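Q: Below is one structure. I have some questions about it.
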Amino acid sequence: CDSPSALATAADVVLTCLPSSDVFVQVVEGQLLPGLSSGKTVIDLGMTELSQTRRLAEWLEARGVSFLDAPVSGGPRRAREGRLSLFVGGRKEVFKRWLPVLKVLGGLGSVTWCGPAGSGQIVKGAEQLALGLTAAAVLEAVAYGESFGVGRAALWEALEKSQLTHAGFHDVMQHLLAEGGESVTVCYGELACVLEAAARNAQPLPLAQAMVGFLRNAPPLVVERGHQVPSFWRQLKGPPPAGPAARQDSP
């Protein structure tokens, strides 16, 4: 085909993987649309803004065109290995129709239906938050150690088999699912000492500082290492509803 519109005319399903949300919107609305007749499907494999994803889903569905957001996770290495993960949002019957195609892309990885349109982008965003903040937290911790003269090799040797290795996504989610978010410790009680030492050494700890600021005026609702401290999870979710039932359920 010599144009995106010709491609859309010839194909039952069009899959896109474009470099930005703006480019994706421009391609769909400006280039694919002339060939998108009723009964066809568009699948977005890129990371697109949630509001645009939901708007385009409604816009296409109104024209009889099905839509799935299916952002891919894994990067070039996992793509070469055939181990990509796809997080899919959209109508479940559309997901089932095109699942064989998505499985070809995922290979030995996973293809997960996450809910209605936009859900794939939400899960992808959650993954990026967890990955980015975890990486930033590790770098911040290493910078703290190095600022006092402890080398990164020594930090690696000392911490590789410590409780730090059990603070990953799997373990946090296991606690969250089994016991609720209040059971996940964020080491809030110890952060004051760490921040005080870092400040004296002129070492910024922006993530730790932001967490302490976020919880500064929160009520102490959970026990962490024998002390009553605020619940990071409770603050993230907002205050519990007022009433006798809520008070009885409070930790």
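The way I read the labels, and the way they are meant: chains A, B, ... in the order of the structure tokens, residue 1 as the first residue of every chain, and ligand 1 as the first ligand shown, with later ones counted on from there.
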From the DSSP assignment of the backbone, select every residue of stretch 39-197 of chain A that is strand (DSSP E or B), and format the answer as number ranges by chain.
A: A: 41-44, 66-69, 72-73, 83, 85-89, 107, 110-115
Q: Would you export the selected residues with N, CA and C atoms as a PDB file, in the first residue's frame, please?
A:
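See result.pdb below for the written result:
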ATOM      1  N   THR A  41     -10.904  -2.609  12.629  1.00  0.00           N
ATOM      2  CA  THR A  41     -10.385  -2.438  13.981  1.00  0.00           C
ATOM      3  C   THR A  41      -9.044  -1.712  13.934  1.00  0.00           C
ATOM      4  N   VAL A  42      -8.853  -0.802  14.884  1.00  0.00           N
ATOM      5  CA  VAL A  42      -7.566  -0.142  15.085  1.00  0.00           C
ATOM      6  C   VAL A  42      -7.027  -0.578  16.448  1.00  0.00           C
ATOM      7  N   ILE A  43      -5.762  -0.985  16.481  1.00  0.00           N
ATOM      8  CA  ILE A  43      -5.105  -1.386  17.732  1.00  0.00           C
ATOM      9  C   ILE A  43      -3.875  -0.507  17.917  1.00  0.00           C
ATOM     10  N   ASP A  44      -3.831   0.224  19.024  1.00  0.00           N
ATOM     11  CA  ASP A  44      -2.713   1.112  19.332  1.00  0.00           C
ATOM     12  C   ASP A  44      -1.745   0.398  20.264  1.00  0.00           C
ATOM     13  N   SER A  66     -13.936  -0.616  15.538  1.00  0.00           N
ATOM     14  CA  SER A  66     -13.540  -1.080  16.868  1.00  0.00           C
ATOM     15  C   SER A  66     -12.144  -0.571  17.211  1.00  0.00           C
ATOM     16  N   PHE A  67     -11.871  -0.486  18.514  1.00  0.00           N
ATOM     17  CA  PHE A  67     -10.587   0.060  18.954  1.00  0.00           C
ATOM     18  C   PHE A  67     -10.089  -0.686  20.179  1.00  0.00           C
ATOM     19  N   LEU A  68      -8.796  -0.978  20.187  1.00  0.00           N
ATOM     20  CA  LEU A  68      -8.125  -1.534  21.364  1.00  0.00           C
ATOM     21  C   LEU A  68      -6.875  -0.705  21.643  1.00  0.00           C
ATOM     22  N   ASP A  69      -6.661  -0.335  22.910  1.00  0.00           N
ATOM     23  CA  ASP A  69      -5.348   0.193  23.300  1.00  0.00           C
ATOM     24  C   ASP A  69      -4.574  -0.967  23.909  1.00  0.00           C
ATOM     25  N   VAL A  72       2.671  -1.913  24.581  1.00  0.00           N
ATOM     26  CA  VAL A  72       3.607  -3.027  24.691  1.00  0.00           C
ATOM     27  C   VAL A  72       4.653  -2.714  25.753  1.00  0.00           C
ATOM     28  N   SER A  73       5.040  -3.714  26.509  1.00  0.00           N
ATOM     29  CA  SER A  73       6.097  -3.576  27.500  1.00  0.00           C
ATOM     30  C   SER A  73       7.189  -4.602  27.221  1.00  0.00           C
ATOM     31  N   ARG A  83       9.371 -12.074  23.944  1.00  0.00           N
ATOM     32  CA  ARG A  83       8.809 -12.123  25.300  1.00  0.00           C
ATOM     33  C   ARG A  83       8.213 -10.778  25.694  1.00  0.00           C
ATOM     34  N   SER A  85       5.130  -8.117  26.736  1.00  0.00           N
ATOM     35  CA  SER A  85       3.856  -8.092  27.450  1.00  0.00           C
ATOM     36  C   SER A  85       2.964  -7.040  26.809  1.00  0.00           C
ATOM     37  N   LEU A  86       1.683  -7.353  26.645  1.00  0.00           N
ATOM     38  CA  LEU A  86       0.721  -6.406  26.093  1.00  0.00           C
ATOM     39  C   LEU A  86      -0.416  -6.222  27.092  1.00  0.00           C
ATOM     40  N   PHE A  87      -0.709  -4.962  27.406  1.00  0.00           N
ATOM     41  CA  PHE A  87      -1.799  -4.617  28.304  1.00  0.00           C
ATOM     42  C   PHE A  87      -2.927  -4.057  27.440  1.00  0.00           C
ATOM     43  N   VAL A  88      -4.087  -4.708  27.448  1.00  0.00           N
ATOM     44  CA  VAL A  88      -5.108  -4.395  26.447  1.00  0.00           C
ATOM     45  C   VAL A  88      -6.366  -3.825  27.098  1.00  0.00           C
ATOM     46  N   GLY A  89      -6.849  -2.709  26.522  1.00  0.00           N
ATOM     47  CA  GLY A  89      -8.110  -2.120  26.921  1.00  0.00           C
ATOM     48  C   GLY A  89      -9.061  -2.063  25.739  1.00  0.00           C
ATOM     49  N   GLY A 107       4.478 -13.334  21.755  1.00  0.00           N
ATOM     50  CA  GLY A 107       5.335 -14.520  21.772  1.00  0.00           C
ATOM     51  C   GLY A 107       5.171 -15.286  23.065  1.00  0.00           C
ATOM     52  N   SER A 110       3.164 -12.170  27.760  1.00  0.00           N
ATOM     53  CA  SER A 110       1.771 -12.250  28.196  1.00  0.00           C
ATOM     54  C   SER A 110       0.919 -11.208  27.486  1.00  0.00           C
ATOM     55  N   VAL A 111      -0.343 -11.566  27.256  1.00  0.00           N
ATOM     56  CA  VAL A 111      -1.331 -10.646  26.701  1.00  0.00           C
ATOM     57  C   VAL A 111      -2.500 -10.627  27.682  1.00  0.00           C
ATOM     58  N   THR A 112      -2.759  -9.462  28.280  1.00  0.00           N
ATOM     59  CA  THR A 112      -3.747  -9.375  29.353  1.00  0.00           C
ATOM     60  C   THR A 112      -4.827  -8.364  29.011  1.00  0.00           C
ATOM     61  N   TRP A 113      -6.088  -8.799  29.050  1.00  0.00           N
ATOM     62  CA  TRP A 113      -7.196  -7.856  28.921  1.00  0.00           C
ATOM     63  C   TRP A 113      -7.385  -7.182  30.267  1.00  0.00           C
ATOM     64  N   CYS A 114      -7.318  -5.846  30.293  1.00  0.00           N
ATOM     65  CA  CYS A 114      -7.321  -5.090  31.542  1.00  0.00           C
ATOM     66  C   CYS A 114      -8.645  -4.401  31.836  1.00  0.00           C
ATOM     67  N   GLY A 115      -9.547  -4.325  30.843  1.00  0.00           N
ATOM     68  CA  GLY A 115     -10.815  -3.645  31.070  1.00  0.00           C
ATOM     69  C   GLY A 115     -11.218  -2.823  29.860  1.00  0.00           C
TER      70      GLY A 115
END
Q: As a ChimeraX atom specification, please: the residues near A:Val23 (cut-off 12 Å, only C-alpha atoms, same-chain neighbours under 6 positions excluded).
A: /A:16-17,29-31,44,46-49,52
Q: Write out the residues from the selection above, keeping N, CA, C and O atoms, as a short mmCIF file (atom, residue, chain, number, x, y, z; two decimals), in the first residue's frame.
A:
data_model
loop_
_atom_site.label_atom_id
_atom_site.label_comp_id
_atom_site.auth_asym_id
_atom_site.auth_seq_id
_atom_site.Cartn_x
_atom_site.Cartn_y
_atom_site.Cartn_z
N THR A 16 -0.88 0.11 15.13
CA THR A 16 0.04 1.22 15.09
C THR A 16 0.98 1.17 16.29
O THR A 16 0.61 0.70 17.37
N CYS A 17 2.21 1.63 16.10
CA CYS A 17 3.17 1.77 17.20
C CYS A 17 3.99 3.01 16.88
O CYS A 17 5.02 2.94 16.21
N GLU A 29 -6.64 10.27 12.78
CA GLU A 29 -7.66 11.22 12.32
C GLU A 29 -7.36 11.76 10.93
O GLU A 29 -8.30 12.05 10.17
N GLY A 30 -6.09 11.88 10.59
CA GLY A 30 -5.77 12.53 9.32
C GLY A 30 -5.40 11.60 8.18
O GLY A 30 -5.55 11.97 7.01
N GLN A 31 -4.90 10.37 8.52
CA GLN A 31 -4.39 9.51 7.46
C GLN A 31 -5.11 8.17 7.35
O GLN A 31 -5.28 7.65 6.25
N ASP A 44 -3.83 0.22 19.02
CA ASP A 44 -2.71 1.11 19.33
C ASP A 44 -1.75 0.40 20.26
O ASP A 44 -2.06 0.11 21.41
N GLY A 46 1.25 1.69 21.10
CA GLY A 46 2.12 2.66 21.75
C GLY A 46 1.53 3.15 23.05
O GLY A 46 0.45 2.75 23.48
N MET A 47 2.27 4.06 23.71
CA MET A 47 1.78 4.68 24.93
C MET A 47 1.17 6.02 24.55
O MET A 47 1.87 6.94 24.11
N THR A 48 -0.14 6.14 24.72
CA THR A 48 -0.90 7.31 24.31
C THR A 48 -1.60 7.91 25.53
O THR A 48 -1.97 7.17 26.45
N GLU A 49 -1.76 9.21 25.55
CA GLU A 49 -2.43 9.86 26.67
C GLU A 49 -3.81 9.24 26.89
O GLU A 49 -4.54 8.97 25.94
N GLN A 52 -6.85 11.05 25.37
CA GLN A 52 -6.91 10.90 23.92
C GLN A 52 -7.34 9.48 23.55
O GLN A 52 -8.11 9.27 22.60
#
Q: Looking only at the backbone, which of the residues in stretch 32-182 of chain A does DSSP tag as alpha helix (DSSP H), as a ChimeraX atom specification?
A: /A:50-61,75-81,92-106,119-147,152-159,169-179
Q: Using only C-alpha atoms, find the one residue out of A:Val186, A:Ala11, A:Ala199, A:Leu99 that sits nearest to A:Val212.
A: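 Looking only at the distances to A:Val212, the closest residue turns out to be A:Val186.
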Q: For A:Ala136, which residue among A:Gly226, A:Ala197, A:Leu207, A:Ala57 is the nearest when counting only C-alpha atoms?
A: A:Leu207
Q: Atom CA of A:Leu131 and atom CA of A:Leu177, how far apart in Å?
A: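 Atom CA of A:Leu131 lies 19.6 Å from atom CA of A:Leu177.
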Q: Any idea what's packed within 9 Å of A:Asn201, counting only C-alpha atoms, ignoring anything in its chain fewer than 4 positions away? Could you give it as number ranges by chain?
A: A: 147-148, 196-197
Q: Smallest atom-to-atom distance to A:Ser51: which of A:Ala117, A:Pro100, A:Asp12, A:Gly74, using only C-alpha atoms?
A: A:Ala117
